[in-house]
>>> print(open('work.txt').read())   # compact mmCIF, C-alpha atoms
# COMPACT_ATOMS: atom_id res chain seq x y z
CA MET A 17 -8.91 -23.38 24.60
CA LEU A 18 -5.54 -21.84 23.79
CA ILE A 19 -4.79 -24.09 20.80
CA PRO A 20 -6.65 -21.97 18.16
CA SER A 21 -4.97 -18.77 19.38
CA VAL A 22 -1.54 -20.43 19.40
CA ILE A 23 -2.08 -21.70 15.84
CA VAL A 24 -3.07 -18.22 14.64
CA LEU A 25 -0.07 -16.71 16.43
CA ILE A 26 2.32 -19.17 14.79
CA LEU A 27 0.85 -18.88 11.28
CA PHE A 28 0.41 -15.11 11.11
CA HIS A 29 3.10 -13.80 13.48
CA PHE A 30 6.00 -16.23 13.82
CA TYR A 31 6.07 -18.02 10.46
CA PRO A 32 6.09 -14.74 8.41
CA LEU A 33 9.27 -13.67 10.24
CA TRP A 34 11.10 -15.80 7.67
CA GLY A 35 10.29 -13.03 5.19
CA VAL A 36 12.51 -10.59 7.08
CA SER A 37 15.46 -12.19 5.27
CA LEU A 38 14.21 -10.43 2.10
CA ALA A 39 16.01 -7.34 3.37
CA PHE A 40 19.38 -9.11 3.10
CA VAL A 41 19.10 -10.66 -0.37
CA ASP A 42 18.80 -9.47 -3.95
CA TYR A 43 15.39 -11.05 -4.32
CA ASN A 44 14.62 -12.83 -7.56
CA LYS A 45 11.02 -13.99 -7.76
CA PHE A 46 11.91 -16.76 -10.22
CA ARG A 47 14.59 -18.24 -7.94
CA GLY A 48 12.67 -17.68 -4.71
CA LEU A 49 13.84 -16.45 -1.36
CA GLY A 50 16.17 -19.36 -0.71
CA GLY A 51 17.82 -19.10 -4.14
CA SER A 52 18.34 -15.33 -4.21
CA ASP A 53 21.86 -13.94 -3.78
CA PHE A 54 22.79 -12.83 -0.28
CA VAL A 55 23.91 -9.17 -0.25
CA GLY A 56 24.11 -8.42 3.46
CA PHE A 57 23.38 -4.79 4.31
CA GLU A 58 23.66 -3.47 0.75
CA VAL A 59 19.92 -2.85 0.53
CA PHE A 60 19.99 -0.87 3.78
CA ALA A 61 22.95 1.19 2.55
CA GLU A 62 21.13 1.94 -0.69
CA VAL A 63 17.88 2.87 1.03
CA PHE A 64 19.30 5.02 3.82
CA GLY A 65 21.81 6.65 1.49
CA SER A 66 18.87 8.32 -0.24
CA ALA A 67 17.62 11.72 0.94
CA HIS A 68 14.07 10.61 0.15
CA THR A 69 14.17 8.00 2.94
CA TRP A 70 14.98 10.65 5.54
CA GLN A 71 12.21 12.81 4.12
CA LEU A 72 9.80 9.91 4.68
CA ILE A 73 11.00 9.57 8.29
CA ARG A 74 10.61 13.31 8.84
CA ASN A 75 7.08 13.31 7.41
CA THR A 76 6.12 10.30 9.53
CA VAL A 77 7.45 11.75 12.76
CA MET A 78 5.94 15.20 12.16
CA ILE A 79 2.47 13.87 11.39
CA ALA A 80 2.53 11.26 14.17
CA VAL A 81 3.75 13.72 16.83
CA GLY A 82 1.14 16.24 15.70
CA GLN A 83 -1.61 13.63 15.97
CA ILE A 84 -0.43 12.56 19.43
CA VAL A 85 0.03 16.04 20.91
CA VAL A 86 -3.01 17.75 19.40
CA GLY A 87 -5.15 14.65 19.94
CA GLN A 88 -4.29 14.30 23.62
CA VAL A 89 -4.80 18.02 24.28
CA ALA A 90 -8.15 17.98 22.48
CA ALA A 91 -9.27 14.86 24.39
CA LEU A 92 -8.25 16.39 27.72
CA LEU A 93 -10.01 19.70 27.05
CA PHE A 94 -13.14 17.89 25.85
CA ALA A 95 -13.18 15.73 28.98
CA LEU A 96 -12.77 18.77 31.23
CA MET A 97 -15.60 20.63 29.51
CA LEU A 98 -17.86 17.59 29.51
CA TYR A 99 -17.18 17.00 33.19
CA GLU A 100 -18.46 20.50 34.00
CA VAL A 101 -21.84 19.86 32.32
CA ALA A 102 -24.52 19.46 34.97
CA SER A 103 -27.09 17.62 32.83
CA ARG A 104 -26.20 13.93 32.69
CA LYS A 105 -28.51 13.33 29.72
CA PHE A 106 -26.95 16.13 27.68
CA ARG A 107 -23.48 14.88 28.64
CA ARG A 108 -24.26 11.38 27.37
CA VAL A 109 -25.64 12.69 24.07
CA VAL A 110 -22.58 14.87 23.43
CA GLN A 111 -20.18 12.10 24.40
CA THR A 112 -21.95 9.61 22.12
CA LEU A 113 -21.85 11.99 19.16
CA ALA A 114 -18.18 12.77 19.75
CA THR A 115 -17.24 9.10 20.11
CA PHE A 116 -19.22 7.79 17.12
CA PRO A 117 -16.67 8.74 14.37
CA HIS A 118 -14.04 6.57 16.06
CA PHE A 119 -15.98 3.43 15.08
CA LEU A 120 -16.20 4.36 11.39
CA SER A 121 -13.55 3.08 8.98
CA TRP A 122 -11.25 5.53 7.23
CA VAL A 123 -12.71 4.41 3.92
CA ILE A 124 -16.07 5.88 4.92
CA VAL A 125 -14.68 8.92 6.71
CA GLY A 126 -12.15 9.53 3.91
CA GLY A 127 -14.90 9.52 1.28
CA VAL A 128 -16.83 12.14 3.23
CA LEU A 129 -13.71 14.25 3.79
CA ILE A 130 -12.80 14.15 0.10
CA GLN A 131 -16.26 15.43 -0.81
CA MET A 132 -15.97 18.15 1.81
CA LEU A 133 -12.33 19.23 1.42
CA GLN A 134 -11.43 18.85 -2.25
CA THR A 135 -10.89 22.05 -4.24
CA THR A 136 -14.41 21.85 -5.67
CA GLY A 137 -15.87 20.51 -2.41
CA TYR A 138 -18.58 21.87 -0.17
CA LEU A 139 -16.24 23.57 2.30
CA ASN A 140 -14.38 25.42 -0.44
CA ASP A 141 -17.71 26.45 -1.98
CA PHE A 142 -18.61 28.05 1.35
CA ILE A 143 -15.17 29.67 1.68
CA GLU A 144 -15.50 31.17 -1.79
CA SER A 145 -19.04 32.38 -1.06
CA ILE A 146 -17.73 34.61 1.75
CA GLY A 147 -15.10 36.15 -0.50
CA LEU A 148 -12.04 34.08 0.41
CA PRO A 149 -9.85 32.05 -1.99
CA ARG A 150 -10.25 28.31 -2.17
CA ILE A 151 -7.88 26.26 -0.01
CA GLY A 152 -6.06 23.14 -1.22
CA PHE A 153 -6.72 20.97 1.83
CA LEU A 154 -5.88 17.82 -0.15
CA SER A 155 -3.62 19.27 -2.86
CA SER A 156 -1.30 21.72 -1.08
CA PRO A 157 1.90 20.15 0.35
CA GLU A 158 2.00 22.79 3.10
CA ILE A 159 -1.62 22.28 4.21
CA PHE A 160 -2.06 18.53 3.71
CA PRO A 161 -0.17 17.40 6.88
CA TRP A 162 -2.45 19.60 8.99
CA THR A 163 -5.47 18.18 7.19
CA ILE A 164 -4.28 14.70 8.22
CA ILE A 165 -3.56 15.74 11.82
CA LEU A 166 -6.81 17.62 12.42
CA SER A 167 -9.03 15.03 10.71
CA ASP A 168 -7.43 12.30 12.83
CA VAL A 169 -8.01 14.37 15.96
CA TRP A 170 -11.64 14.98 15.00
CA LYS A 171 -12.19 11.26 14.47
CA GLY A 172 -10.55 10.09 17.68
CA PHE A 173 -10.73 12.75 20.39
CA GLY A 174 -14.12 11.62 21.67
CA PHE A 175 -12.99 8.06 22.25
CA ALA A 176 -9.63 9.20 23.66
CA SER A 177 -11.42 11.36 26.23
CA VAL A 178 -13.00 8.29 27.88
CA LEU A 179 -9.88 7.62 29.98
CA TYR A 180 -9.69 11.24 31.08
CA LEU A 181 -13.37 11.20 32.04
CA ALA A 182 -12.81 8.03 34.05
CA ALA A 183 -9.91 9.72 35.86
CA LEU A 184 -12.05 12.78 36.56
CA MET A 185 -14.76 10.61 38.10
CA ARG A 186 -12.21 9.28 40.60
CA VAL A 187 -11.37 12.73 42.00
CA ASN A 188 -12.85 13.05 45.49
CA PRO A 189 -15.90 15.40 45.25
CA GLU A 190 -15.39 16.44 48.86
CA LEU A 191 -12.30 18.33 47.74
CA TYR A 192 -14.42 20.50 45.46
CA GLU A 193 -16.92 21.13 48.26
CA ALA A 194 -14.17 22.14 50.68
CA ALA A 195 -12.56 24.40 48.10
CA ALA A 196 -15.91 26.07 47.32
CA VAL A 197 -16.48 26.72 51.02
CA ASP A 198 -13.04 28.34 51.17
CA GLY A 199 -14.01 30.64 48.30
CA ALA A 200 -12.16 28.95 45.44
CA GLY A 201 -13.66 29.72 42.04
CA ARG A 202 -14.07 27.31 39.14
CA LEU A 203 -10.66 28.07 37.66
CA ALA A 204 -8.98 27.71 41.04
CA ARG A 205 -10.63 24.33 41.59
CA LEU A 206 -9.56 23.27 38.10
CA ARG A 207 -5.97 24.30 38.74
CA HIS A 208 -5.51 22.98 42.27
CA ILE A 209 -7.81 19.93 42.36
CA THR A 210 -8.82 18.67 38.90
CA LEU A 211 -5.51 18.86 37.06
CA PRO A 212 -3.40 17.43 39.93
CA GLY A 213 -6.01 14.69 40.37
CA ILE A 214 -5.73 13.47 36.78
CA ALA A 215 -2.01 14.22 36.36
CA PRO A 216 -0.98 10.53 36.71
CA ILE A 217 -3.21 9.41 33.82
CA VAL A 218 -2.02 12.35 31.68
CA VAL A 219 1.61 11.39 32.29
CA LEU A 220 0.84 7.72 31.67
CA LEU A 221 -0.83 8.35 28.31
CA ALA A 222 1.93 10.74 27.29
CA CYS A 223 4.55 8.10 28.06
CA LEU A 224 2.72 5.27 26.31
CA SER A 225 2.11 7.41 23.20
CA MET A 226 5.87 7.49 22.60
CA GLY A 227 5.58 4.03 21.07
CA SER A 228 3.38 5.43 18.27
CA VAL A 229 5.81 8.04 16.98
CA LEU A 230 6.33 6.13 13.70
CA ASN A 231 2.64 5.25 13.25
CA ALA A 232 1.11 8.17 11.38
CA GLY A 233 -2.01 6.32 10.20
CA MET A 234 -1.48 4.41 6.95
CA GLU A 235 -5.19 3.84 6.25
CA GLN A 236 -6.05 7.51 6.66
CA ILE A 237 -3.24 8.80 4.44
CA LEU A 238 -3.72 6.05 1.85
CA VAL A 239 -7.33 7.18 1.41
CA LEU A 240 -6.66 10.93 1.36
CA TYR A 241 -3.27 11.50 -0.26
CA ASN A 242 -2.27 11.87 -3.92
CA PRO A 243 0.98 12.48 -5.87
CA LEU A 244 0.62 16.26 -5.40
CA VAL A 245 1.30 15.94 -1.66
CA TYR A 246 3.89 13.15 -1.61
CA GLU A 247 6.51 15.72 -0.58
CA THR A 248 4.97 16.22 2.86
CA GLY A 249 2.25 13.56 3.08
CA ASP A 250 4.08 10.40 2.10
CA ILE A 251 5.04 8.35 5.18
CA ILE A 252 6.99 5.14 5.75
CA ASP A 253 3.95 2.84 5.62
CA THR A 254 2.50 4.25 2.39
CA TRP A 255 5.92 4.23 0.71
CA VAL A 256 6.50 0.61 1.73
CA TYR A 257 3.05 -0.26 0.36
CA ARG A 258 3.82 1.31 -3.01
CA LYS A 259 7.32 -0.16 -3.28
CA GLY A 260 6.44 -3.62 -1.99
CA ILE A 261 2.94 -4.24 -3.34
CA LEU A 262 2.63 -2.01 -6.40
CA GLU A 263 6.24 -1.99 -7.67
CA SER A 264 7.32 -5.44 -6.38
CA GLN A 265 10.56 -4.11 -4.85
CA TYR A 266 10.33 -6.58 -1.99
CA SER A 267 13.87 -6.26 -0.64
CA VAL A 268 13.70 -2.46 -0.43
CA ALA A 269 10.26 -2.48 1.19
CA THR A 270 11.30 -5.16 3.69
CA ALA A 271 14.44 -3.24 4.68
CA VAL A 272 12.47 -0.08 5.45
CA GLY A 273 9.73 -2.05 7.19
CA LEU A 274 12.32 -3.84 9.33
CA PHE A 275 13.91 -0.52 10.26
CA LYS A 276 10.53 0.83 11.33
CA ALA A 277 9.79 -2.31 13.35
CA LEU A 278 13.11 -2.11 15.22
CA VAL A 279 12.69 1.60 15.97
CA GLY A 280 9.08 1.03 17.00
CA PHE A 281 10.08 -1.79 19.34
CA THR A 282 12.74 0.42 20.92
CA LEU A 283 10.27 3.27 21.38
CA ILE A 284 7.71 0.94 22.95
CA MET A 285 10.27 -0.31 25.46
CA VAL A 286 11.28 3.28 26.24
CA SER A 287 7.63 4.27 26.64
CA TYR A 288 7.00 1.46 29.15
CA TRP A 289 10.15 2.43 31.04
CA ALA A 290 8.98 6.05 31.14
CA ALA A 291 5.49 4.99 32.25
CA ALA A 292 6.98 2.95 35.10
CA ARG A 293 9.42 5.72 36.00
CA PHE A 294 7.08 8.72 35.95
CA ALA A 295 3.55 7.26 36.27
CA LYS A 296 4.24 4.16 38.40
CA TYR A 297 2.64 1.96 35.70
CA ASN A 298 3.97 -1.57 35.24
CA ILE A 299 2.74 -4.35 32.97
CA TRP A 300 5.11 -7.00 34.35
>>> encode(input="work.txt", output="structure tokens")
Amino acid sequence: MLIPSVIVLILFHFYPLWGVSLAFVDYNKFRGLGGSDFVGFEVFAEVFGSAHTWQLIRNTVMIAVGQIVVGQVAALLFALMLYEVASRKFRRVVQTLATFPHFLSWVIVGGVLIQMLQTTGYLNDFIESIGLPRIGFLSSPEIFPWTIILSDVWKGFGFASVLYLAALMRVNPELYEAAAVDGAGRLARLRHITLPGIAPIVVLLACLSMGSVLNAGMEQILVLYNPLVYETGDIIDTWVYRKGILESQYSVATAVGLFKALVGFTLIMVSYWAAARFAKYNIW
């Protein structure tokens, strides 16, 4: 039963590791990988000696951290509000509607967002109709990162709230009854029972999200960005795609991709250490 999975793992995960050596050679497509001249770390020195590379890292970290922080806060608040709804039927309808966008591809969602947010889009038509200037959601370098962050949060907060809702369901209801008898109001019960009850899962998700600091959502940005917002919207993954696939600079793209992989691996290990240290979560 394991043979097909092992074959897939070898073909698509282990065998391609040979391509990592592209980062250490001056690749010549006519001579092949084995016949290209070995240059050591010259490609890395060239790439990381450029200010543009550090700008890419800054853009990636800023967008990714924004998505993580705002997304987790939005999911937590949504779960808390949904938990307070008395009608189970209404709760299920709202949760289904909020979760549905998560299962749509960014190609579909991006097409809708472009129609809504472009300078001549429906949202800007409404903004202009109430006497305000049009906003460059997809063309302003200052606004575009927030467009990416908030659209990602809108798409994923419903699904992300599932874990928080599950944690809320595990809080002992007798604690709420005892607190109500003692005269505790809704805010007091939230502060002294609900939040402490779900604190472990909040800490766990915060720790595990550290491993995604360099993953700012390639598919989303690839669909929504354009040369006007490269200054603040271009991230490591999209730059590697352009350099490696569109411009055939394989050594440069591989060097940056390898750097991201090593940093991502380190962050994942740190996140699991933090989860074990602060949330008592272990996978081994």
>>> atom_distance(input="work.txt", atom1="atom CA of A:Ile214", atom2="atom CA of A:Met185")
9.6 Å
>>> residues_around(input="work.txt", residues="A:Leu133", least_positions_apart="5", cutoff="9 Å", atoms="only C-alpha atoms", output="ChimeraX atom specification")
/A:128,138-140,151-154
>>> residues_near_point(input="work.txt", point="(6.9, 19.5, 6.5)", cutoff="10 Å", atoms="only C-alpha atoms", output="list of chain:residue names")
A:Gln71, A:Arg74, A:Asn75, A:Thr76, A:Val77, A:Met78, A:Ile79, A:Pro157, A:Glu158, A:Ile159, A:Phe160, A:Pro161, A:Trp162, A:Glu247, A:Thr248, A:Gly249
>>> residues_around(input="work.txt", residues="A:Cys223", least_positions_apart="4", cutoff="6 Å", atoms="all atoms listed in the file", output="CSV table (one decimal) with C-alpha atoms, keeping the file's coordinate frame")
chain,number,residue,atom,x,y,z
A,287,SER,CA,7.6,4.3,26.6
A,290,ALA,CA,9.0,6.0,31.1
A,291,ALA,CA,5.5,5.0,32.2
>>> residues_near_point(input="work.txt", point="(-10.4, 2.4, 14.0)", cutoff="12 Å", atoms="all atoms listed in the file", output="list in words")
Thr115, Phe116, Pro117, His118, Phe119, Leu120, Ser121, Trp122, Val123, Ile124, Val125, Asp168, Lys171, Gly172, Phe175, Ala176, Gly233, Met234, Glu235 and Gln236 of chain A
>>> write_last_selection(input="work.txt", atoms="C-alpha atoms", output="mmCIF file, keeping the file's coordinate frame")
data_model
loop_
_atom_site.group_PDB
_atom_site.id
_atom_site.type_symbol
_atom_site.label_atom_id
_atom_site.label_comp_id
_atom_site.auth_asym_id
_atom_site.auth_seq_id
_atom_site.Cartn_x
_atom_site.Cartn_y
_atom_site.Cartn_z
ATOM 1 C CA THR A 115 -17.240 9.100 20.110
ATOM 2 C CA PHE A 116 -19.220 7.790 17.120
ATOM 3 C CA PRO A 117 -16.670 8.740 14.370
ATOM 4 C CA HIS A 118 -14.040 6.570 16.060
ATOM 5 C CA PHE A 119 -15.980 3.430 15.080
ATOM 6 C CA LEU A 120 -16.200 4.360 11.390
ATOM 7 C CA SER A 121 -13.550 3.080 8.980
ATOM 8 C CA TRP A 122 -11.250 5.530 7.230
ATOM 9 C CA VAL A 123 -12.710 4.410 3.920
ATOM 10 C CA ILE A 124 -16.070 5.880 4.920
ATOM 11 C CA VAL A 125 -14.680 8.920 6.710
ATOM 12 C CA ASP A 168 -7.430 12.300 12.830
ATOM 13 C CA LYS A 171 -12.190 11.260 14.470
ATOM 14 C CA GLY A 172 -10.550 10.090 17.680
ATOM 15 C CA PHE A 175 -12.990 8.060 22.250
ATOM 16 C CA ALA A 176 -9.630 9.200 23.660
ATOM 17 C CA GLY A 233 -2.010 6.320 10.200
ATOM 18 C CA MET A 234 -1.480 4.410 6.950
ATOM 19 C CA GLU A 235 -5.190 3.840 6.250
ATOM 20 C CA GLN A 236 -6.050 7.510 6.660
#
>>> decode(input="work.txt", residues="stretch 191-228 of chain A", atoms="N, CA and C atoms", output="PDB file, in the first residue's frame")
ATOM      1  N   LEU A 191     -18.867  26.324  34.194  1.00  0.00           N
ATOM      2  CA  LEU A 191     -18.148  27.511  34.632  1.00  0.00           C
ATOM      3  C   LEU A 191     -18.931  28.778  34.330  1.00  0.00           C
ATOM      4  N   TYR A 192     -19.580  28.801  33.154  1.00  0.00           N
ATOM      5  CA  TYR A 192     -20.400  29.965  32.808  1.00  0.00           C
ATOM      6  C   TYR A 192     -21.608  30.073  33.741  1.00  0.00           C
ATOM      7  N   GLU A 193     -22.215  28.928  34.048  1.00  0.00           N
ATOM      8  CA  GLU A 193     -23.381  28.941  34.932  1.00  0.00           C
ATOM      9  C   GLU A 193     -22.997  29.430  36.329  1.00  0.00           C
ATOM     10  N   ALA A 194     -21.865  28.969  36.835  1.00  0.00           N
ATOM     11  CA  ALA A 194     -21.422  29.396  38.162  1.00  0.00           C
ATOM     12  C   ALA A 194     -21.086  30.886  38.167  1.00  0.00           C
ATOM     13  N   ALA A 195     -20.445  31.339  37.093  1.00  0.00           N
ATOM     14  CA  ALA A 195     -20.102  32.760  37.018  1.00  0.00           C
ATOM     15  C   ALA A 195     -21.350  33.628  36.924  1.00  0.00           C
ATOM     16  N   ALA A 196     -22.372  33.171  36.167  1.00  0.00           N
ATOM     17  CA  ALA A 196     -23.614  33.931  36.065  1.00  0.00           C
ATOM     18  C   ALA A 196     -24.318  34.010  37.405  1.00  0.00           C
ATOM     19  N   VAL A 197     -24.297  32.926  38.160  1.00  0.00           N
ATOM     20  CA  VAL A 197     -24.910  32.933  39.489  1.00  0.00           C
ATOM     21  C   VAL A 197     -24.194  33.932  40.405  1.00  0.00           C
ATOM     22  N   ASP A 198     -22.879  34.041  40.235  1.00  0.00           N
ATOM     23  CA  ASP A 198     -22.102  34.981  41.051  1.00  0.00           C
ATOM     24  C   ASP A 198     -22.223  36.420  40.579  1.00  0.00           C
ATOM     25  N   GLY A 199     -22.980  36.641  39.503  1.00  0.00           N
ATOM     26  CA  GLY A 199     -23.206  38.006  39.024  1.00  0.00           C
ATOM     27  C   GLY A 199     -22.255  38.478  37.950  1.00  0.00           C
ATOM     28  N   ALA A 200     -21.474  37.579  37.368  1.00  0.00           N
ATOM     29  CA  ALA A 200     -20.534  37.982  36.311  1.00  0.00           C
ATOM     30  C   ALA A 200     -21.296  38.264  35.021  1.00  0.00           C
ATOM     31  N   GLY A 201     -21.012  39.402  34.406  1.00  0.00           N
ATOM     32  CA  GLY A 201     -21.640  39.749  33.136  1.00  0.00           C
ATOM     33  C   GLY A 201     -20.981  39.034  31.971  1.00  0.00           C
ATOM     34  N   ARG A 202     -21.446  39.349  30.747  1.00  0.00           N
ATOM     35  CA  ARG A 202     -20.920  38.663  29.565  1.00  0.00           C
ATOM     36  C   ARG A 202     -19.442  38.974  29.345  1.00  0.00           C
ATOM     37  N   LEU A 203     -19.056  40.232  29.529  1.00  0.00           N
ATOM     38  CA  LEU A 203     -17.653  40.589  29.342  1.00  0.00           C
ATOM     39  C   LEU A 203     -16.766  39.946  30.409  1.00  0.00           C
ATOM     40  N   ALA A 204     -17.266  39.873  31.625  1.00  0.00           N
ATOM     41  CA  ALA A 204     -16.492  39.233  32.694  1.00  0.00           C
ATOM     42  C   ALA A 204     -16.306  37.752  32.419  1.00  0.00           C
ATOM     43  N   ARG A 205     -17.353  37.092  31.925  1.00  0.00           N
ATOM     44  CA  ARG A 205     -17.231  35.665  31.594  1.00  0.00           C
ATOM     45  C   ARG A 205     -16.266  35.461  30.433  1.00  0.00           C
ATOM     46  N   LEU A 206     -16.303  36.399  29.469  1.00  0.00           N
ATOM     47  CA  LEU A 206     -15.376  36.319  28.341  1.00  0.00           C
ATOM     48  C   LEU A 206     -13.934  36.454  28.808  1.00  0.00           C
ATOM     49  N   ARG A 207     -13.708  37.392  29.715  1.00  0.00           N
ATOM     50  CA  ARG A 207     -12.348  37.672  30.171  1.00  0.00           C
ATOM     51  C   ARG A 207     -11.797  36.585  31.085  1.00  0.00           C
ATOM     52  N   HIS A 208     -12.615  36.066  31.977  1.00  0.00           N
ATOM     53  CA  HIS A 208     -12.109  35.166  33.008  1.00  0.00           C
ATOM     54  C   HIS A 208     -12.339  33.679  32.725  1.00  0.00           C
ATOM     55  N   ILE A 209     -13.199  33.361  31.740  1.00  0.00           N
ATOM     56  CA  ILE A 209     -13.478  31.949  31.447  1.00  0.00           C
ATOM     57  C   ILE A 209     -13.132  31.603  29.998  1.00  0.00           C
ATOM     58  N   THR A 210     -13.720  32.357  29.051  1.00  0.00           N
ATOM     59  CA  THR A 210     -13.554  32.008  27.636  1.00  0.00           C
ATOM     60  C   THR A 210     -12.101  32.147  27.173  1.00  0.00           C
ATOM     61  N   LEU A 211     -11.540  33.322  27.358  1.00  0.00           N
ATOM     62  CA  LEU A 211     -10.180  33.547  26.867  1.00  0.00           C
ATOM     63  C   LEU A 211      -9.148  32.647  27.556  1.00  0.00           C
ATOM     64  N   PRO A 212      -9.182  32.486  28.881  1.00  0.00           N
ATOM     65  CA  PRO A 212      -8.236  31.523  29.481  1.00  0.00           C
ATOM     66  C   PRO A 212      -8.469  30.091  29.011  1.00  0.00           C
ATOM     67  N   GLY A 213      -9.734  29.752  28.705  1.00  0.00           N
ATOM     68  CA  GLY A 213     -10.035  28.392  28.275  1.00  0.00           C
ATOM     69  C   GLY A 213      -9.470  28.048  26.913  1.00  0.00           C
ATOM     70  N   ILE A 214      -9.386  29.050  26.022  1.00  0.00           N
ATOM     71  CA  ILE A 214      -8.874  28.789  24.673  1.00  0.00           C
ATOM     72  C   ILE A 214      -7.449  29.302  24.505  1.00  0.00           C
ATOM     73  N   ALA A 215      -6.847  29.794  25.574  1.00  0.00           N
ATOM     74  CA  ALA A 215      -5.481  30.328  25.484  1.00  0.00           C
ATOM     75  C   ALA A 215      -4.484  29.317  24.926  1.00  0.00           C
ATOM     76  N   PRO A 216      -4.538  28.039  25.322  1.00  0.00           N
ATOM     77  CA  PRO A 216      -3.558  27.081  24.762  1.00  0.00           C
ATOM     78  C   PRO A 216      -3.616  26.965  23.246  1.00  0.00           C
ATOM     79  N   ILE A 217      -4.829  26.936  22.663  1.00  0.00           N
ATOM     80  CA  ILE A 217      -4.924  26.808  21.205  1.00  0.00           C
ATOM     81  C   ILE A 217      -4.484  28.089  20.520  1.00  0.00           C
ATOM     82  N   VAL A 218      -4.717  29.252  21.152  1.00  0.00           N
ATOM     83  CA  VAL A 218      -4.253  30.522  20.595  1.00  0.00           C
ATOM     84  C   VAL A 218      -2.729  30.553  20.554  1.00  0.00           C
ATOM     85  N   VAL A 219      -2.104  30.141  21.655  1.00  0.00           N
ATOM     86  CA  VAL A 219      -0.639  30.112  21.715  1.00  0.00           C
ATOM     87  C   VAL A 219      -0.090  29.107  20.721  1.00  0.00           C
ATOM     88  N   LEU A 220      -0.734  27.954  20.604  1.00  0.00           N
ATOM     89  CA  LEU A 220      -0.275  26.915  19.678  1.00  0.00           C
ATOM     90  C   LEU A 220      -0.299  27.418  18.236  1.00  0.00           C
ATOM     91  N   LEU A 221      -1.408  28.014  17.816  1.00  0.00           N
ATOM     92  CA  LEU A 221      -1.513  28.510  16.447  1.00  0.00           C
ATOM     93  C   LEU A 221      -0.548  29.655  16.187  1.00  0.00           C
ATOM     94  N   ALA A 222      -0.338  30.494  17.204  1.00  0.00           N
ATOM     95  CA  ALA A 222       0.620  31.587  17.052  1.00  0.00           C
ATOM     96  C   ALA A 222       2.032  31.043  16.860  1.00  0.00           C
ATOM     97  N   CYS A 223       2.373  30.011  17.602  1.00  0.00           N
ATOM     98  CA  CYS A 223       3.710  29.410  17.475  1.00  0.00           C
ATOM     99  C   CYS A 223       3.888  28.733  16.122  1.00  0.00           C
ATOM    100  N   LEU A 224       2.888  27.954  15.714  1.00  0.00           N
ATOM    101  CA  LEU A 224       3.006  27.218  14.453  1.00  0.00           C
ATOM    102  C   LEU A 224       3.008  28.152  13.246  1.00  0.00           C
ATOM    103  N   SER A 225       2.383  29.321  13.368  1.00  0.00           N
ATOM    104  CA  SER A 225       2.337  30.266  12.242  1.00  0.00           C
ATOM    105  C   SER A 225       3.696  30.885  11.953  1.00  0.00           C
ATOM    106  N   MET A 226       4.640  30.748  12.887  1.00  0.00           N
ATOM    107  CA  MET A 226       5.979  31.292  12.656  1.00  0.00           C
ATOM    108  C   MET A 226       6.640  30.666  11.433  1.00  0.00           C
ATOM    109  N   GLY A 227       6.297  29.426  11.141  1.00  0.00           N
ATOM    110  CA  GLY A 227       6.883  28.749   9.995  1.00  0.00           C
ATOM    111  C   GLY A 227       6.413  29.273   8.656  1.00  0.00           C
ATOM    112  N   SER A 228       5.407  30.162   8.662  1.00  0.00           N
ATOM    113  CA  SER A 228       4.851  30.696   7.410  1.00  0.00           C
ATOM    114  C   SER A 228       5.254  32.134   7.154  1.00  0.00           C
TER     115      SER A 228
END
